[in-house]
file query-v2.txt (compact mmCIF, C-alpha atoms)
# COMPACT_ATOMS: atom_id res chain seq x y z
CA MET E 1 -14.59 4.54 -25.20
CA SER E 2 -11.10 5.89 -25.78
CA THR E 3 -8.32 3.35 -25.90
CA ASN E 4 -5.47 5.73 -26.63
CA GLY E 5 -4.86 8.23 -23.85
CA ALA E 6 -1.96 10.14 -25.40
CA GLY E 7 -2.11 13.80 -24.41
CA ARG E 8 -5.32 13.19 -22.56
CA VAL E 9 -6.69 13.40 -19.07
CA LEU E 10 -7.90 10.53 -16.90
CA VAL E 11 -10.12 11.06 -13.89
CA ILE E 12 -9.62 8.23 -11.38
CA ILE E 13 -12.40 7.63 -8.86
CA PRO E 14 -11.60 4.98 -6.23
CA ALA E 15 -14.84 3.61 -4.80
CA TYR E 16 -15.63 1.09 -2.11
CA ASN E 17 -19.37 0.61 -1.55
CA GLU E 18 -20.26 4.03 -2.92
CA GLU E 19 -23.46 3.03 -4.72
CA PRO E 20 -25.45 6.06 -3.46
CA THR E 21 -22.89 8.69 -4.48
CA VAL E 22 -20.66 7.40 -7.28
CA ALA E 23 -23.05 8.23 -10.14
CA ARG E 24 -23.23 11.86 -9.04
CA VAL E 25 -19.42 12.09 -8.85
CA ILE E 26 -19.07 10.59 -12.35
CA ALA E 27 -21.72 12.96 -13.74
CA GLY E 28 -19.90 15.89 -12.11
CA ALA E 29 -16.55 14.79 -13.53
CA ARG E 30 -17.99 14.38 -17.04
CA GLN E 31 -19.68 17.76 -16.82
CA HIS E 32 -16.67 19.70 -15.55
CA ALA E 33 -13.98 17.80 -17.46
CA PRO E 34 -15.69 16.78 -20.72
CA GLN E 35 -12.30 16.19 -22.38
CA ALA E 36 -11.35 13.57 -19.78
CA ASP E 37 -11.95 9.83 -19.59
CA VAL E 38 -13.39 8.65 -16.31
CA VAL E 39 -12.37 5.38 -14.68
CA VAL E 40 -13.89 4.07 -11.47
CA VAL E 41 -11.80 1.58 -9.51
CA ASP E 42 -14.25 -0.53 -7.57
CA ASP E 43 -12.27 -1.94 -4.65
CA GLY E 44 -14.24 -5.16 -4.15
CA SER E 45 -17.52 -3.45 -3.31
CA THR E 46 -20.33 -5.65 -2.02
CA ASP E 47 -23.04 -3.30 -3.29
CA ARG E 48 -23.87 -2.27 -6.87
CA THR E 49 -21.11 0.35 -7.17
CA ALA E 50 -19.70 -1.20 -10.36
CA GLU E 51 -23.06 -1.45 -12.19
CA VAL E 52 -24.08 2.07 -11.18
CA ALA E 53 -20.71 3.47 -12.28
CA ARG E 54 -20.88 1.66 -15.62
CA ALA E 55 -24.42 2.93 -16.18
CA ALA E 56 -23.18 6.45 -15.45
CA GLY E 57 -20.73 6.15 -18.33
CA ALA E 58 -17.44 5.40 -16.56
CA THR E 59 -14.96 2.67 -17.38
CA VAL E 60 -15.03 0.34 -14.38
CA ILE E 61 -12.11 -1.69 -13.08
CA SER E 62 -13.22 -4.06 -10.33
CA HIS E 63 -10.91 -5.64 -7.80
CA PRO E 64 -12.21 -9.16 -7.11
CA ILE E 65 -11.21 -8.65 -3.46
CA ASN E 66 -10.94 -5.55 -1.27
CA LEU E 67 -7.33 -4.34 -1.35
CA GLY E 68 -7.44 -0.93 0.29
CA ASP E 69 -7.74 2.70 -0.65
CA GLY E 70 -4.13 3.10 -1.82
CA ALA E 71 -4.21 -0.02 -3.98
CA ALA E 72 -7.44 1.19 -5.64
CA ARG E 73 -5.82 4.50 -6.55
CA GLN E 74 -2.72 2.66 -7.76
CA THR E 75 -4.79 0.41 -10.03
CA GLY E 76 -6.06 3.63 -11.63
CA PHE E 77 -2.47 4.87 -12.00
CA LYS E 78 -1.39 1.60 -13.62
CA TYR E 79 -4.29 1.84 -16.05
CA ALA E 80 -3.45 5.49 -16.81
CA PHE E 81 0.24 4.77 -17.25
CA ARG E 82 -0.31 1.92 -19.71
CA ARG E 83 -2.86 3.83 -21.70
CA GLY E 84 -0.50 6.77 -22.06
CA TYR E 85 -2.52 9.45 -20.27
CA GLU E 86 -0.51 12.63 -19.77
CA ARG E 87 -2.44 13.98 -16.77
CA VAL E 88 -4.41 12.30 -14.02
CA VAL E 89 -6.91 13.64 -11.49
CA GLN E 90 -8.01 11.53 -8.53
CA LEU E 91 -11.10 12.27 -6.49
CA ASP E 92 -13.06 10.19 -4.02
CA GLY E 93 -16.19 8.28 -4.95
CA ASP E 94 -18.02 9.30 -1.77
CA GLY E 95 -18.84 12.76 -3.09
CA GLN E 96 -16.59 14.55 -0.62
CA HIS E 97 -14.70 16.30 -3.43
CA ASP E 98 -16.57 18.80 -5.58
CA PRO E 99 -15.96 17.83 -9.26
CA ALA E 100 -16.40 21.50 -10.20
CA CYS E 101 -12.80 22.03 -8.99
CA ILE E 102 -11.27 19.56 -11.50
CA PRO E 103 -10.49 22.33 -14.05
CA ASP E 104 -8.70 24.33 -11.31
CA LEU E 105 -6.43 21.37 -10.49
CA LEU E 106 -5.68 20.65 -14.15
CA ALA E 107 -5.02 24.32 -14.92
CA ALA E 108 -2.39 24.46 -12.18
CA LEU E 109 -0.55 21.37 -13.46
CA ARG E 110 2.74 22.15 -15.25
CA PRO E 111 5.50 19.54 -15.69
CA GLY E 112 8.65 20.60 -13.84
CA VAL E 113 6.87 23.50 -12.13
CA ALA E 114 3.83 21.86 -10.58
CA ASP E 115 3.98 18.09 -11.04
CA VAL E 116 1.56 17.36 -8.20
CA VAL E 117 -1.40 19.61 -7.47
CA ILE E 118 -3.24 19.12 -4.18
CA GLY E 119 -6.79 20.31 -3.79
CA SER E 120 -6.63 21.95 -0.37
CA ARG E 121 -9.68 22.61 1.75
CA PHE E 122 -7.74 24.99 4.01
CA LEU E 123 -5.93 27.26 1.56
CA GLU E 124 -9.00 29.46 1.42
CA ASP E 125 -11.92 29.31 3.78
CA LYS E 126 -14.47 27.35 1.79
CA GLY E 127 -16.48 26.42 4.82
CA TYR E 128 -14.88 23.05 5.68
CA LYS E 129 -15.04 22.27 9.39
CA ALA E 130 -13.30 19.14 10.67
CA GLN E 131 -13.98 17.49 14.01
CA PRO E 132 -11.46 18.56 16.69
CA VAL E 133 -9.58 15.23 16.79
CA ARG E 134 -9.19 15.10 13.01
CA ARG E 135 -8.20 18.76 13.01
CA VAL E 136 -5.30 17.99 15.38
CA GLY E 137 -4.11 15.17 13.09
CA MET E 138 -4.38 17.38 10.03
CA ILE E 139 -2.36 20.15 11.72
CA LEU E 140 0.30 17.60 12.78
CA PHE E 141 0.75 16.16 9.28
CA SER E 142 0.57 19.59 7.72
CA ALA E 143 3.45 20.66 9.98
CA ILE E 144 5.50 17.53 9.18
CA ALA E 145 4.88 17.72 5.43
CA SER E 146 5.72 21.42 5.40
CA LEU E 147 8.89 20.84 7.40
CA VAL E 148 10.14 17.96 5.21
CA THR E 149 9.28 19.53 1.86
CA GLY E 150 10.41 23.01 2.88
CA GLN E 151 7.19 24.63 1.66
CA ARG E 152 3.81 25.33 3.19
CA ILE E 153 1.44 22.40 2.70
CA THR E 154 -1.94 23.11 4.25
CA ASP E 155 -3.77 19.88 3.37
CA PRO E 156 -1.45 16.86 3.02
CA THR E 157 -4.29 14.41 3.78
CA SER E 158 -6.39 15.56 0.83
CA GLY E 159 -7.18 12.78 -1.62
CA TYR E 160 -8.15 15.31 -4.27
CA ARG E 161 -5.06 15.59 -6.45
CA ALA E 162 -3.84 15.99 -9.99
CA MET E 163 -0.47 14.86 -11.34
CA THR E 164 1.62 14.49 -14.46
CA ARG E 165 2.53 11.26 -16.21
CA GLU E 166 6.05 11.36 -14.69
CA VAL E 167 4.55 11.32 -11.20
CA VAL E 168 2.23 8.47 -12.21
CA SER E 169 5.30 6.50 -13.34
CA LEU E 170 6.51 6.67 -9.71
CA TYR E 171 3.10 5.84 -8.22
CA VAL E 172 2.83 2.58 -10.17
CA THR E 173 5.86 1.23 -8.27
CA ASP E 174 5.87 -0.41 -4.84
CA ALA E 175 6.83 3.00 -3.42
CA TYR E 176 3.08 3.76 -3.41
CA PRO E 177 1.38 2.49 -0.23
CA GLN E 178 -1.53 0.05 -0.23
CA HIS E 179 -3.32 1.82 2.62
CA TYR E 180 -3.84 5.47 3.56
CA PRO E 181 -1.77 7.12 0.83
CA ASP E 182 -1.51 10.80 1.65
CA ALA E 183 1.22 12.74 3.51
CA ASP E 184 3.85 10.04 2.96
CA VAL E 185 3.13 9.99 -0.79
CA LEU E 186 3.73 13.73 -0.94
CA ILE E 187 7.06 13.30 0.82
CA THR E 188 8.06 10.46 -1.54
CA SER E 189 7.09 12.69 -4.48
CA HIS E 190 9.11 15.57 -3.06
CA PHE E 191 12.19 13.34 -2.59
CA ALA E 192 11.79 12.10 -6.15
CA GLY E 193 12.27 15.71 -7.27
CA PHE E 194 8.68 16.62 -8.10
CA ARG E 195 7.23 20.05 -7.40
CA ILE E 196 4.07 20.20 -5.34
CA ILE E 197 1.57 23.03 -5.21
CA GLU E 198 -1.85 23.49 -3.68
CA VAL E 199 -4.98 25.05 -5.05
CA PRO E 200 -8.09 25.80 -3.01
CA VAL E 201 -11.01 23.40 -3.42
CA ARG E 202 -14.39 22.94 -1.83
CA MET E 203 -15.01 19.76 0.12
CA PHE E 204 -18.15 18.47 1.74
CA GLN E 205 -17.92 16.68 5.05
CA ASN E 206 -19.31 13.26 5.86
CA VAL E 207 -21.49 12.92 2.80
CA THR E 208 -22.40 9.32 3.54
CA GLY E 209 -21.64 9.48 7.25
CA LYS E 210 -18.89 6.89 6.93
CA SER E 211 -15.20 7.60 7.12
CA ILE E 212 -11.99 5.62 7.28
CA HIS E 213 -11.37 7.59 10.45
CA SER E 214 -13.44 5.72 12.99
CA GLY E 215 -12.83 3.35 15.91
CA TRP E 216 -9.18 2.44 16.44
CA ARG E 217 -8.22 3.40 12.93
CA PRO E 218 -7.19 7.01 13.66
CA ALA E 219 -4.53 5.75 16.09
CA TYR E 220 -3.26 3.19 13.58
CA TYR E 221 -3.40 5.80 10.84
CA VAL E 222 -1.24 8.24 12.80
CA PHE E 223 1.23 5.47 13.69
CA LYS E 224 1.45 4.19 10.10
CA MET E 225 1.90 7.67 8.70
CA LEU E 226 4.62 8.67 11.20
CA LEU E 227 6.51 5.39 10.62
CA SER E 228 6.13 5.71 6.86
CA ILE E 229 7.44 9.28 6.87
CA PHE E 230 10.28 8.35 9.23
CA VAL E 231 11.54 5.44 7.08
CA ASN E 232 11.17 7.66 4.01
CA LEU E 233 13.70 10.00 5.60
CA LEU E 234 16.08 7.05 6.13
CA ARG E 235 15.80 5.81 2.53
CA LYS E 236 17.81 6.89 -0.43
CA ARG E 237 15.85 9.25 -2.65
CA PRO E 238 14.06 7.66 -5.60
CA ARG E 239 15.93 8.26 -8.84
CA ARG E 240 14.45 8.07 -12.30
CA ARG E 241 16.57 5.98 -14.66
CA GLU E 242 17.18 6.76 -18.31
CA ASP E 243 14.56 4.20 -19.36
CA GLY E 244 11.90 5.98 -17.31
CA ARG E 245 11.77 3.38 -14.54
CA TRP E 246 12.61 4.15 -10.94
CA ASN E 247 15.38 3.11 -8.62
CA LEU E 248 13.65 3.15 -5.25
CA GLY E 249 15.60 3.88 -2.09
CA MET P 1 22.16 -31.53 32.81
CA GLU P 2 19.64 -34.01 34.11
CA PRO P 3 19.76 -37.20 31.98
CA ARG P 4 15.97 -37.14 31.80
CA LEU P 5 15.97 -33.57 30.45
CA LYS P 6 18.71 -34.52 28.01
CA MET P 7 16.57 -37.39 26.72
CA VAL P 8 13.56 -35.07 26.32
CA ALA P 9 15.63 -32.45 24.47
CA ILE P 10 17.20 -35.02 22.14
CA GLY P 11 13.84 -36.68 21.53
CA LEU P 12 12.05 -33.43 20.76
CA SER P 13 14.75 -32.06 18.47
CA LEU P 14 14.90 -35.35 16.54
CA ALA P 15 11.11 -35.48 16.30
CA LEU P 16 11.07 -31.88 15.01
CA MET P 17 13.65 -32.64 12.30
CA ILE P 18 11.88 -35.84 11.24
CA LEU P 19 8.55 -33.99 11.09
CA ILE P 20 10.05 -31.21 8.92
CA VAL P 21 11.68 -33.67 6.50
CA GLU P 22 8.43 -35.65 6.32
CA LEU P 23 6.40 -32.48 5.57
CA VAL P 24 8.84 -31.59 2.79
CA ARG P 25 8.64 -35.15 1.44
CA ARG P 26 4.85 -34.95 1.29
CA ARG P 27 5.11 -31.50 -0.35
CA ARG P 28 3.17 -29.94 2.53
CA LEU P 29 6.11 -27.66 3.36
CA ARG P 30 8.30 -25.94 0.81
CA GLU P 31 12.08 -26.37 1.02
CA GLU P 32 12.63 -22.61 1.34
CA TYR P 33 10.66 -22.53 4.60
CA SER P 34 12.12 -25.72 6.03
CA TRP P 35 15.71 -24.68 6.58
CA LEU P 36 15.13 -22.42 9.60
CA TRP P 37 13.14 -25.18 11.30
CA LEU P 38 15.79 -27.79 10.55
CA LEU P 39 18.45 -25.41 11.85
CA THR P 40 16.48 -24.97 15.09
CA GLY P 41 16.21 -28.72 15.60
CA ALA P 42 19.87 -29.27 14.70
CA VAL P 43 21.16 -26.59 17.08
CA ILE P 44 19.12 -27.94 19.99
CA PHE P 45 20.33 -31.47 19.18
CA VAL P 46 24.00 -30.48 18.94
CA LEU P 47 23.91 -28.42 22.13
CA THR P 48 22.27 -31.26 24.04
CA VAL P 49 24.68 -33.96 22.82
CA TRP P 50 27.79 -31.83 22.92
CA PHE P 51 27.42 -30.66 26.51
CA ASP P 52 30.75 -28.77 26.74
CA VAL P 53 29.63 -26.32 24.07
CA LEU P 54 26.38 -25.73 25.97
CA VAL P 55 28.29 -25.02 29.19
CA TRP P 56 30.68 -22.71 27.32
CA ILE P 57 27.82 -20.77 25.70
CA SER P 58 26.00 -20.58 29.04
CA ALA P 59 29.07 -18.96 30.61
CA LEU P 60 29.35 -16.64 27.59
CA ILE P 61 25.79 -15.30 27.83
CA GLY P 62 25.72 -15.43 31.63
CA ALA P 63 23.09 -18.18 32.03
CA LYS P 64 23.22 -20.07 35.33
CA ALA P 65 21.72 -23.35 34.10
CA PRO P 66 22.65 -24.96 30.74
CA ALA P 67 18.99 -25.90 30.32
CA SER P 68 18.11 -22.18 30.28
CA THR P 69 20.53 -21.71 27.40
CA LEU P 70 18.81 -24.49 25.50
CA PHE P 71 15.38 -22.94 25.94
CA PHE P 72 16.74 -19.46 25.31
CA PHE P 73 17.91 -20.59 21.88
CA GLY P 74 14.64 -22.36 21.27
CA VAL P 75 12.67 -19.17 21.94
CA LEU P 76 15.17 -17.07 19.98
CA PHE P 77 14.81 -19.28 16.91
CA SER P 78 11.01 -19.21 17.20
CA MET P 79 11.16 -15.43 17.16
CA VAL P 80 13.47 -15.38 14.15
CA ILE P 81 11.13 -17.74 12.32
CA SER P 82 8.11 -15.53 13.18
CA LEU P 83 9.91 -12.46 11.92
CA TYR P 84 10.95 -14.30 8.77
CA PHE P 85 7.29 -15.20 8.21
CA SER P 86 6.22 -11.57 8.69
CA VAL P 87 8.70 -10.58 6.01
CA ARG P 88 7.44 -13.33 3.71
CA ILE P 89 3.81 -12.35 4.35
CA SER P 90 4.66 -8.75 3.47
CA ALA P 91 6.15 -9.90 0.17
CA LEU P 92 3.14 -12.13 -0.49
CA THR P 93 0.76 -9.28 0.30
CA ASP P 94 2.50 -7.11 -2.31
CA GLN P 95 2.33 -9.96 -4.81
CA VAL P 96 -1.38 -10.53 -4.18
CA LYS P 97 -2.04 -6.80 -4.53
CA ASN P 98 -0.11 -6.56 -7.81
CA LEU P 99 -1.73 -9.70 -9.22
CA THR P 100 -5.21 -8.53 -8.24
CA GLN P 101 -4.59 -5.17 -9.90
CA GLU P 102 -3.39 -6.89 -13.09
CA LEU P 103 -6.39 -9.18 -13.08
CA ALA P 104 -8.78 -6.27 -12.53
CA ILE P 105 -7.27 -4.19 -15.35
CA LEU P 106 -7.21 -7.14 -17.76
CA SER P 107 -10.75 -8.27 -16.99
CA SER P 108 -12.07 -4.72 -17.40
CA GLN P 109 -10.77 -4.91 -20.97
CA VAL P 110 -12.41 -8.30 -21.53
CA VAL P 111 -15.73 -6.83 -20.41
CA ILE P 112 -15.31 -3.97 -22.89
CA GLU P 113 -14.55 -6.32 -25.76
CA ARG P 114 -17.58 -8.46 -25.04
CA SER P 115 -19.96 -5.56 -24.46
CA PRO P 116 -23.00 -5.47 -26.80
CA SER P 117 -21.76 -2.37 -28.69
CA ASN P 118 -18.68 -4.28 -29.84
CA ALA P 119 -20.31 -7.66 -30.25
CA ALA P 120 -21.58 -6.87 -33.77
CA ASP P 121 -17.99 -6.61 -35.07
CA SER P 122 -16.94 -10.03 -33.88
call {"tool": "encode", "arguments": {"input": "query-v2.txt", "output": "structure tokens"}}
result
Amino acid sequence: MSTNGAGRVLVIIPAYNEEPTVARVIAGARQHAPQADVVVVDDGSTDRTAEVARAAGATVISHPINLGDGAARQTGFKYAFRRGYERVVQLDGDGQHDPACIPDLLAALRPGVADVVIGSRFLEDKGYKAQPVRRVGMILFSAIASLVTGQRITDPTSGYRAMTREVVSLYVTDAYPQHYPDADVLITSHFAGFRIIEVPVRMFQNVTGKSIHSGWRPAYYVFKMLLSIFVNLLRKRPRRREDGRWNLG
Amino acid sequence: MEPRLKMVAIGLSLALMILIVELVRRRRLREEYSWLWLLTGAVIFVLTVWFDVLVWISALIGAKAPASTLFFFGVLFSMVISLYFSVRISALTDQVKNLTQELAILSSQVVIERSPSNAADS
């Protein structure tokens, strides 16, 4: 159990009721990133996610109540920031993201050149096929993110990302959303002066058959994301102060 | 304005203000949330008693009946209060999120310190 993360890598796995899959994700992360510490943020799961994750060798941080996907990731960032980790990788606990790609994300990370690395399922054809409705949403946000950042971003909704400590210092602030953090976070990062790149990754679809994108949620998701991006454009750009904290717009 | 309506408006606005003060006295309502309610009651009271101002405002906003003006302001204040609450709830939601995250991080460390592998040291 490492307590000092200086110069080290933290793998953050947000998990909400992922008992069937989380152990496999942890094992994959430990196998492919043996130098990294693994922390699972259990977002108030009602199943045995926390016990299973602990048994699989991860540090487990459990929210006593369900806060949302973004808040779970942010708890991991706060932990990483305080413990002094230099690099962070986040991947989902549902097994959608192939842990074998962790080294690719970390290898691409370079402060000042590539501060945020997105694992993209569309950069190369790795066999990912989205449902038509989701595909339309992904194309829309890809177009918006590319337009705003002035570079091609093929997969802004990917939750498979790596980032430097400087980026984490921004993500621990209230600029990081509690729900659905994806395209808007990239835009915030871009406005804060960070460089974003993508590397191809393999993703599996619908591992457990459940998704945040069901029922009315896709409509709310699209609305929230468009509003969030729109107000981001109206805000002043985040500026990093001398003491390393952020002035948010 | 109809004397009867005037009585009702005065009665209701006074009752509202008394209720708010009483809730604050019993510590059921915090001072910081009471002022908008007191303001609502006070404005309705003043407009009802001081009829000329009500007529003047009615002409200003183009209302035909002074009573409409009264209810217009009542609804307007209710909306402002609702919006104010939405803003407060947003702030509270952020606070709850941040506190929960702190608690989760801290308690994960307590679990580590009390785990069997470390228990032998203590």
call {"tool": "atom_distance", "arguments": {"input": "query-v2.txt", "atom1": "CA of Arg237 (chain E)", "atom2": "CA of Arg217 (chain E)"}}
result
29.3 Å
call {"tool": "interface_residues", "arguments": {"input": "query-v2.txt", "of": "chain P", "to": "chain E", "cutoff": "7 Å", "atoms": "all atoms listed in the file", "output": "MDAnalysis selection string"}}
result
chainID P and resid 97 100:101 104:105 108
call {"tool": "write_last_selection", "arguments": {"input": "query-v2.txt", "atoms": "C-alpha atoms", "output": "PDB file, keeping the file's coordinate frame"}}
result
ATOM      1  CA  LYS P  97      -2.040  -6.800  -4.530  1.00  0.00           C
ATOM      2  CA  THR P 100      -5.210  -8.530  -8.240  1.00  0.00           C
ATOM      3  CA  GLN P 101      -4.590  -5.170  -9.900  1.00  0.00           C
ATOM      4  CA  ALA P 104      -8.780  -6.270 -12.530  1.00  0.00           C
ATOM      5  CA  ILE P 105      -7.270  -4.190 -15.350  1.00  0.00           C
ATOM      6  CA  SER P 108     -12.070  -4.720 -17.400  1.00  0.00           C
TER       7      SER P 108
END
call {"tool": "atom_distance", "arguments": {"input": "query-v2.txt", "atom1": "CA of Pro132 (chain E)", "atom2": "CA of Phe223 (chain E)"}}
result
18.5 Å
call {"tool": "residues_near_point", "arguments": {"input": "query-v2.txt", "point": "(17.4, -25.5, 18.7)", "cutoff": "8 Å", "atoms": "all atoms listed in the file", "output": "count of residues only"}}
result
14
call {"tool": "closest_atom_pairs", "arguments": {"input": "query-v2.txt", "of": "region 35-70 of chain E", "to": "region 98-122 of chain E", "cutoff": "12 Å", "atoms": "only C-alpha atoms", "output": "CSV"}}
result
residue,atom,partner,partner_atom,distance
E:Gln35,CA,E:Pro103,CA,10.5
E:Ala36,CA,E:Ile102,CA,10.2
E:Val38,CA,E:Pro99,CA,11.9
call {"tool": "atom_distance", "arguments": {"input": "query-v2.txt", "atom1": "CA of Val40 (chain E)", "atom2": "CA of Glu18 (chain E)"}}
result
10.7 Å
call {"tool": "residues_around", "arguments": {"input": "query-v2.txt", "residues": "Ile13 (chain E)", "least_positions_apart": "2", "cutoff": "7 Å", "atoms": "all atoms listed in the file", "output": "PDB file with C-alpha atoms, in the coordinates of the input"}}
result
ATOM      1  CA  VAL E  11     -10.120  11.060 -13.890  1.00  0.00           C
ATOM      2  CA  ALA E  15     -14.840   3.610  -4.800  1.00  0.00           C
ATOM      3  CA  VAL E  39     -12.370   5.380 -14.680  1.00  0.00           C
ATOM      4  CA  VAL E  40     -13.890   4.070 -11.470  1.00  0.00           C
ATOM      5  CA  VAL E  41     -11.800   1.580  -9.510  1.00  0.00           C
ATOM      6  CA  GLN E  90      -8.010  11.530  -8.530  1.00  0.00           C
ATOM      7  CA  LEU E  91     -11.100  12.270  -6.490  1.00  0.00           C
ATOM      8  CA  ASP E  92     -13.060  10.190  -4.020  1.00  0.00           C
ATOM      9  CA  GLY E  93     -16.190   8.280  -4.950  1.00  0.00           C
TER      10      GLY E  93
END
call {"tool": "closest_residue", "arguments": {"input": "query-v2.txt", "among": "P:Ile89, P:Met7, P:Glu2, P:Trp50", "to": "Ala65 (chain P)", "atoms": "all atoms listed in the file"}}
result
P:Glu2
